[in-house]
$ cat protein.txt   # compact mmCIF, C-alpha atoms
# COMPACT_ATOMS: atom_id res chain seq x y z
CA MET A 8 -21.77 19.82 -6.00
CA ASN A 9 -20.92 18.24 -9.32
CA ALA A 10 -19.40 14.88 -8.36
CA LEU A 11 -18.29 14.13 -11.91
CA GLU A 12 -16.23 17.33 -12.01
CA VAL A 13 -14.70 16.58 -8.59
CA LEU A 14 -13.77 13.08 -9.76
CA LYS A 15 -12.30 14.46 -12.99
CA TYR A 16 -10.13 17.05 -11.24
CA GLY A 17 -8.89 14.56 -8.66
CA HIS A 18 -7.81 12.30 -11.51
CA LEU A 19 -6.12 15.15 -13.38
CA THR A 20 -4.17 15.98 -10.22
CA VAL A 21 -2.87 12.40 -10.08
CA LEU A 22 -1.92 12.42 -13.76
CA GLY A 23 -0.12 15.75 -13.44
CA THR A 24 1.82 14.45 -10.47
CA VAL A 25 2.91 11.18 -12.05
CA GLU A 26 4.22 13.06 -15.08
CA ALA A 27 6.68 14.81 -12.77
CA VAL A 28 8.19 11.59 -11.36
CA PRO A 29 11.42 10.68 -13.17
CA GLU A 30 11.78 7.01 -14.11
CA HIS A 31 14.71 6.50 -11.72
CA LEU A 32 12.67 7.62 -8.69
CA TRP A 33 9.55 5.46 -9.04
CA ASP A 34 10.85 2.80 -6.66
CA GLU A 35 12.60 5.06 -4.15
CA PRO A 36 11.03 4.48 -0.71
CA ASP A 37 9.74 6.92 1.88
CA VAL A 38 7.25 8.89 -0.19
CA CYS A 39 4.38 7.85 2.08
CA GLY A 40 5.69 5.78 4.96
CA VAL A 41 7.82 3.13 3.29
CA TRP A 42 5.91 3.29 0.01
CA PRO A 43 7.64 4.63 -3.09
CA SER A 44 5.76 6.79 -5.61
CA LYS A 45 4.74 3.60 -7.41
CA GLY A 46 3.30 2.29 -4.14
CA VAL A 47 1.28 5.46 -3.67
CA ILE A 48 -0.21 5.14 -7.17
CA ALA A 49 -0.82 1.42 -6.53
CA HIS A 50 -2.70 2.43 -3.38
CA LEU A 51 -4.78 4.96 -5.33
CA ALA A 52 -5.48 2.30 -7.98
CA SER A 53 -6.86 -0.04 -5.33
CA PHE A 54 -9.07 2.74 -3.96
CA GLU A 55 -10.26 3.55 -7.48
CA LEU A 56 -11.20 -0.11 -7.94
CA ALA A 57 -13.04 -0.01 -4.61
CA PHE A 58 -14.93 3.06 -5.87
CA VAL A 59 -15.96 1.12 -8.98
CA ASP A 60 -17.40 -1.44 -6.57
CA VAL A 61 -19.19 1.29 -4.59
CA LEU A 62 -20.90 2.42 -7.76
CA ILE A 63 -21.75 -1.16 -8.74
CA GLU A 64 -23.31 -1.66 -5.32
CA CYS A 65 -25.26 1.61 -5.63
CA ALA A 66 -26.57 0.50 -9.02
CA GLY A 67 -28.05 -2.61 -7.50
CA GLY A 68 -25.49 -5.30 -7.50
CA GLY A 69 -22.77 -7.40 -8.89
CA PRO A 70 -19.57 -8.64 -7.31
CA THR A 71 -17.65 -6.07 -5.26
CA PRO A 72 -14.36 -7.75 -4.30
CA TYR A 73 -12.33 -4.58 -3.71
CA LEU A 74 -15.05 -2.92 -1.66
CA ASP A 75 -15.54 -6.12 0.33
CA ALA A 76 -11.82 -6.30 1.10
CA PHE A 77 -11.71 -2.59 1.97
CA ARG A 78 -14.66 -2.87 4.34
CA ALA A 79 -13.17 -5.97 5.97
CA GLY A 80 -10.29 -3.79 7.15
CA GLY A 81 -7.15 -5.67 7.96
CA SER A 82 -4.33 -5.30 5.50
CA PHE A 83 -6.22 -4.04 2.43
CA ASN A 84 -3.78 -1.18 1.77
CA ASP A 85 -0.60 -3.18 2.25
CA ASP A 86 -1.91 -6.20 0.34
CA GLU A 87 -3.06 -4.16 -2.64
CA VAL A 88 0.16 -2.16 -2.83
CA ALA A 89 2.30 -5.30 -2.47
CA ARG A 90 0.46 -6.92 -5.39
CA ARG A 91 1.53 -4.07 -7.66
CA LEU A 92 5.07 -3.18 -6.53
CA ALA A 93 6.76 -5.58 -8.96
CA LEU A 94 4.89 -4.06 -11.90
CA PRO A 95 6.46 -1.37 -14.07
CA PRO A 96 5.25 2.16 -13.20
CA ALA A 97 3.43 2.46 -16.54
CA GLU A 98 1.39 -0.65 -15.72
CA VAL A 99 0.38 0.70 -12.30
CA ILE A 100 -0.61 4.04 -13.84
CA ARG A 101 -2.54 2.21 -16.57
CA GLU A 102 -4.47 0.16 -13.99
CA TYR A 103 -5.26 3.31 -12.00
CA THR A 104 -6.38 5.17 -15.15
CA GLU A 105 -8.54 2.31 -16.43
CA ALA A 106 -10.21 1.99 -13.03
CA HIS A 107 -10.86 5.75 -13.03
CA GLU A 108 -12.37 5.58 -16.52
CA HIS A 109 -14.61 2.71 -15.40
CA SER A 110 -15.69 4.64 -12.31
CA MET A 111 -16.52 7.68 -14.45
CA ASP A 112 -18.63 5.55 -16.78
CA LEU A 113 -20.55 4.17 -13.81
CA ALA A 114 -20.77 7.59 -12.12
CA ARG A 115 -22.47 9.06 -15.17
CA GLU A 116 -25.29 6.55 -14.64
CA VAL A 117 -25.99 7.67 -11.04
CA PRO A 118 -29.11 9.85 -10.94
CA ARG A 119 -28.24 13.44 -9.99
CA GLY A 120 -30.33 13.43 -6.80
CA ARG A 121 -28.81 10.17 -5.58
CA TRP A 122 -25.38 11.76 -5.08
CA SER A 123 -26.56 13.90 -2.16
CA GLU A 124 -28.85 11.39 -0.38
CA PRO A 125 -27.63 10.76 3.19
CA GLY A 126 -27.51 7.09 4.14
CA THR A 127 -26.78 5.85 0.64
CA LEU A 128 -23.71 4.05 2.01
CA PRO A 129 -24.61 2.69 5.45
CA TRP A 130 -21.12 1.27 5.97
CA TYR A 131 -19.65 4.77 5.53
CA GLY A 132 -22.10 6.39 7.95
CA MET A 133 -25.81 7.04 7.75
CA GLU A 134 -25.30 10.81 7.83
CA TYR A 135 -23.09 10.73 4.71
CA SER A 136 -23.92 10.71 1.02
CA LEU A 137 -22.14 9.50 -2.08
CA ASP A 138 -21.02 13.12 -2.59
CA ASP A 139 -19.30 13.03 0.79
CA LEU A 140 -17.47 9.84 -0.12
CA VAL A 141 -16.26 11.41 -3.36
CA VAL A 142 -14.95 14.52 -1.63
CA TYR A 143 -13.34 12.93 1.41
CA GLN A 144 -12.37 9.41 0.33
CA TYR A 145 -11.43 10.12 -3.26
CA TYR A 146 -10.69 13.75 -4.07
CA GLY A 147 -9.12 14.61 -0.72
CA HIS A 148 -7.28 11.31 -0.66
CA LYS A 149 -5.75 11.93 -4.09
CA ARG A 150 -4.75 15.47 -3.12
CA GLU A 151 -3.09 14.20 0.06
CA HIS A 152 -1.05 11.52 -1.70
CA THR A 153 -0.08 13.65 -4.69
CA ALA A 154 1.17 16.28 -2.23
CA GLN A 155 3.33 13.59 -0.62
CA ILE A 156 4.84 12.70 -4.00
CA ALA A 157 5.45 16.40 -4.73
CA ALA A 158 7.10 16.86 -1.32
CA PHE A 159 9.30 13.82 -1.96
CA LEU A 160 10.37 15.20 -5.34
CA ASP A 161 11.13 18.54 -3.69
CA ARG A 162 13.28 16.82 -1.03
CA VAL A 163 15.18 14.95 -3.74
CA ALA A 164 15.72 18.15 -5.73
CA ARG A 165 17.08 19.87 -2.62
CA GLY A 166 19.25 16.89 -1.71
CA VAL A 167 17.52 16.34 1.63
CA THR A 168 17.58 12.79 2.99
CA VAL A 169 14.61 11.04 4.56
CA ASP A 170 15.77 11.92 8.09
CA GLY A 171 15.79 15.63 7.13
CA THR A 172 19.54 16.10 6.95
CA ALA A 173 21.18 17.66 3.95
CA GLY A 174 22.57 15.15 1.54
CA ARG A 175 24.47 15.54 -1.66
CA ALA A 176 22.17 16.16 -4.58
CA THR A 177 22.93 13.95 -7.53
CA SER A 178 22.24 14.49 -11.15
CA GLN A 179 20.42 11.77 -13.08
CA GLY A 180 20.85 12.45 -16.72
$ encode --input "protein.txt" --output "structure tokens"
Amino acid sequence: MNALEVLKYGHLTVLGTVEAVPEHLWDEPDVCGVWPSKGVIAHLASFELAFVDVLIECAGGGPTPYLDAFRAGGSFNDDEVARRLALPPAEVIREYTEAHEHSMDLAREVPRGRWSEPGTLPWYGMEYSLDDLVVYQYYGHKREHTAQIAAFLDRVARGVTVDGTAGRATSQG
């Protein structure tokens, strides 16, 4: 597996999806639970920052505040999304993109053989490798959430309300 390619294509999926969200829909709820599209991207930004910390930890150290908060469990997702909901969509996308760029820079420094070593991340499971984390926690995660945004946009286009009943489609021009 080429982890760098998987990371790149996951990121491109996110960027392609956010391009499709009209400005007036960024704060509309119920894309993923109560989160709006902006909340979903805020969530992905926090996971991207946690991945930066994973790579810092794999490289031998440095502070890992996002990874520490993620591993602590609790309200990591809700806290991280809440911190970003008041920001403009462009700012949330920028933070996500910058975190991705940082993770790619760090990922390029990981020796090729290290990606597939089981037990690299004991907190994730001794049978798993960094490759597994990339596929399941990052690529699959991005695909899942971008599909939710796409489904939301489809519901809006068809005039379907959150409860599944037909509503009146409106034109935003």
$ residues_around --input "protein.txt" --residues "Thr24 in chain A" --least-positions-apart "6" --cutoff "8 Å" --atoms "all atoms listed in the file" --output "list of chain:residue names"
A:Thr153, A:Ile156, A:Ala157
$ atom_distance --input "protein.txt" --atom1 "CA of Ala57 in chain A" --atom2 "CA of Phe77 in chain A"
7.2 Å
$ residues_around --input "protein.txt" --residues "Glu116 in chain A" --least-positions-apart "3" --cutoff "12 Å" --atoms "all atoms listed in the file" --output "PDB file with C-alpha atoms, keeping the file's coordinate frame"
ATOM      1  CA  ALA A  10     -19.400  14.880  -8.360  1.00  0.00           C
ATOM      2  CA  LEU A  11     -18.290  14.130 -11.910  1.00  0.00           C
ATOM      3  CA  LEU A  62     -20.900   2.420  -7.760  1.00  0.00           C
ATOM      4  CA  ILE A  63     -21.750  -1.160  -8.740  1.00  0.00           C
ATOM      5  CA  CYS A  65     -25.260   1.610  -5.630  1.00  0.00           C
ATOM      6  CA  ALA A  66     -26.570   0.500  -9.020  1.00  0.00           C
ATOM      7  CA  GLY A  67     -28.050  -2.610  -7.500  1.00  0.00           C
ATOM      8  CA  HIS A 109     -14.610   2.710 -15.400  1.00  0.00           C
ATOM      9  CA  SER A 110     -15.690   4.640 -12.310  1.00  0.00           C
ATOM     10  CA  MET A 111     -16.520   7.680 -14.450  1.00  0.00           C
ATOM     11  CA  ASP A 112     -18.630   5.550 -16.780  1.00  0.00           C
ATOM     12  CA  LEU A 113     -20.550   4.170 -13.810  1.00  0.00           C
ATOM     13  CA  ARG A 119     -28.240  13.440  -9.990  1.00  0.00           C
ATOM     14  CA  GLY A 120     -30.330  13.430  -6.800  1.00  0.00           C
ATOM     15  CA  ARG A 121     -28.810  10.170  -5.580  1.00  0.00           C
ATOM     16  CA  TRP A 122     -25.380  11.760  -5.080  1.00  0.00           C
TER      17      TRP A 122
END
$ atom_distance --input "protein.txt" --atom1 "CA of Arg101 in chain A" --atom2 "CA of Gly147 in chain A"
21.2 Å
$ closest_residue --input "protein.txt" --among "A:Leu137, A:Val21, A:Ala79, A:Ala154" --to "Pro125 in chain A" --atoms "only C-alpha atoms"
A:Leu137
$ atom_distance --input "protein.txt" --atom1 "CA of Ala106 in chain A" --atom2 "CA of Asp161 in chain A"
28.6 Å
$ closest_residue --input "protein.txt" --among "A:Ala158, A:Glu87, A:Ala114, A:Ala164" --to "Val61 in chain A" --atoms "only C-alpha atoms"
A:Ala114
$ closest_residue --input "protein.txt" --among "A:Val13, A:Pro95, A:Tyr145, A:Leu140" --to "Gly126 in chain A" --atoms "all atoms listed in the file"
A:Leu140
$ closest_atom_pairs --input "protein.txt" --of "range 86-178 of chain A" --to "range 26-49 of chain A" --cutoff "9 Å" --atoms "only C-alpha atoms" --output "Markdown table"
| residue | atom | partner | partner_atom | distance |
| --- | --- | --- | --- | --- |
| A:Glu87 | CA | A:Ala49 | CA | 7.2 |
| A:Val88 | CA | A:Ala49 | CA | 5.2 |
| A:Ala89 | CA | A:Gly46 | CA | 7.8 |
| A:Arg90 | CA | A:Ala49 | CA | 8.5 |
| A:Arg91 | CA | A:Ala49 | CA | 6.1 |
| A:Leu92 | CA | A:Gly46 | CA | 6.2 |
| A:Leu94 | CA | A:Lys45 | CA | 8.9 |
| A:Pro95 | CA | A:Lys45 | CA | 8.5 |
| A:Pro96 | CA | A:Lys45 | CA | 6.0 |
| A:Val99 | CA | A:Ala49 | CA | 5.9 |
| A:Ile100 | CA | A:Ile48 | CA | 6.8 |
| A:Glu102 | CA | A:Ala49 | CA | 8.4 |
| A:Tyr103 | CA | A:Ile48 | CA | 7.2 |
| A:His152 | CA | A:Val47 | CA | 6.8 |
| A:Thr153 | CA | A:Val47 | CA | 8.4 |
| A:Gln155 | CA | A:Val38 | CA | 6.1 |
| A:Ile156 | CA | A:Val38 | CA | 5.9 |
| A:Ala157 | CA | A:Ala27 | CA | 8.3 |
| A:Ala158 | CA | A:Val38 | CA | 8.1 |
| A:Phe159 | CA | A:Val38 | CA | 5.6 |
| A:Leu160 | CA | A:Val28 | CA | 7.4 |
| A:Val169 | CA | A:Asp37 | CA | 6.9 |
$ closest_residue --input "protein.txt" --among "A:Gly80, A:Pro72, A:Gly132, A:Pro118" --to "Asn9 in chain A" --atoms "only C-alpha atoms"
A:Pro118
$ axis_aligned_box --input "protein.txt" --around "range 104-117 of chain A" --padding-each-side "5 Å" --output "JSON"
{"center_x": -16.2, "center_y": 5.5, "center_z": -13.9, "size_x": 29.6, "size_y": 17.1, "size_z": 15.7}
$ closest_residue --input "protein.txt" --among "A:Ala76, A:Met133, A:Leu22, A:Leu128" --to "Leu51 in chain A" --atoms "all atoms listed in the file"
A:Leu22
$ decode --input "protein.txt" --residues "range 44-59 of chain A" --atoms "N, CA and C atoms" --output "mmCIF file, in the first residue's frame"
data_model
loop_
_atom_site.group_PDB
_atom_site.id
_atom_site.type_symbol
_atom_site.label_atom_id
_atom_site.label_comp_id
_atom_site.auth_asym_id
_atom_site.auth_seq_id
_atom_site.Cartn_x
_atom_site.Cartn_y
_atom_site.Cartn_z
ATOM 1 N N SER A 44 -22.558 20.907 7.692
ATOM 2 C CA SER A 44 -21.369 20.595 6.868
ATOM 3 C C SER A 44 -20.112 21.187 7.488
ATOM 4 N N LYS A 45 -20.210 22.412 7.993
ATOM 5 C CA LYS A 45 -19.044 23.039 8.622
ATOM 6 C C LYS A 45 -18.591 22.228 9.833
ATOM 7 N N GLY A 46 -19.528 21.672 10.588
ATOM 8 C CA GLY A 46 -19.179 20.831 11.728
ATOM 9 C C GLY A 46 -18.469 19.562 11.304
ATOM 10 N N VAL A 47 -18.894 18.995 10.188
ATOM 11 C CA VAL A 47 -18.248 17.779 9.680
ATOM 12 C C VAL A 47 -16.799 18.085 9.295
ATOM 13 N N ILE A 48 -16.586 19.197 8.613
ATOM 14 C CA ILE A 48 -15.217 19.564 8.221
ATOM 15 C C ILE A 48 -14.399 19.935 9.461
ATOM 16 N N ALA A 49 -15.025 20.561 10.444
ATOM 17 C CA ALA A 49 -14.337 20.856 11.707
ATOM 18 C C ALA A 49 -13.901 19.560 12.386
ATOM 19 N N HIS A 50 -14.765 18.572 12.350
ATOM 20 C CA HIS A 50 -14.449 17.248 12.909
ATOM 21 C C HIS A 50 -13.270 16.634 12.158
ATOM 22 N N LEU A 51 -13.291 16.689 10.839
ATOM 23 C CA LEU A 51 -12.180 16.143 10.056
ATOM 24 C C LEU A 51 -10.891 16.921 10.317
ATOM 25 N N ALA A 52 -10.995 18.225 10.539
ATOM 26 C CA ALA A 52 -9.807 19.029 10.861
ATOM 27 C C ALA A 52 -9.192 18.547 12.176
ATOM 28 N N SER A 53 -10.036 18.279 13.163
ATOM 29 C CA SER A 53 -9.501 17.830 14.451
ATOM 30 C C SER A 53 -8.842 16.458 14.317
ATOM 31 N N PHE A 54 -9.394 15.592 13.479
ATOM 32 C CA PHE A 54 -8.782 14.290 13.254
ATOM 33 C C PHE A 54 -7.475 14.436 12.481
ATOM 34 N N GLU A 55 -7.433 15.389 11.574
ATOM 35 C CA GLU A 55 -6.194 15.622 10.817
ATOM 36 C C GLU A 55 -5.098 16.121 11.763
ATOM 37 N N LEU A 56 -5.473 16.982 12.697
ATOM 38 C CA LEU A 56 -4.510 17.460 13.690
ATOM 39 C C LEU A 56 -4.050 16.321 14.605
ATOM 40 N N ALA A 57 -4.962 15.417 14.926
ATOM 41 C CA ALA A 57 -4.579 14.244 15.727
ATOM 42 C C ALA A 57 -3.615 13.355 14.937
ATOM 43 N N PHE A 58 -3.810 13.266 13.615
ATOM 44 C CA PHE A 58 -2.902 12.470 12.796
ATOM 45 C C PHE A 58 -1.513 13.104 12.745
ATOM 46 N N VAL A 59 -1.452 14.426 12.701
ATOM 47 C CA VAL A 59 -0.155 15.107 12.800
ATOM 48 C C VAL A 59 0.534 14.644 14.075
#
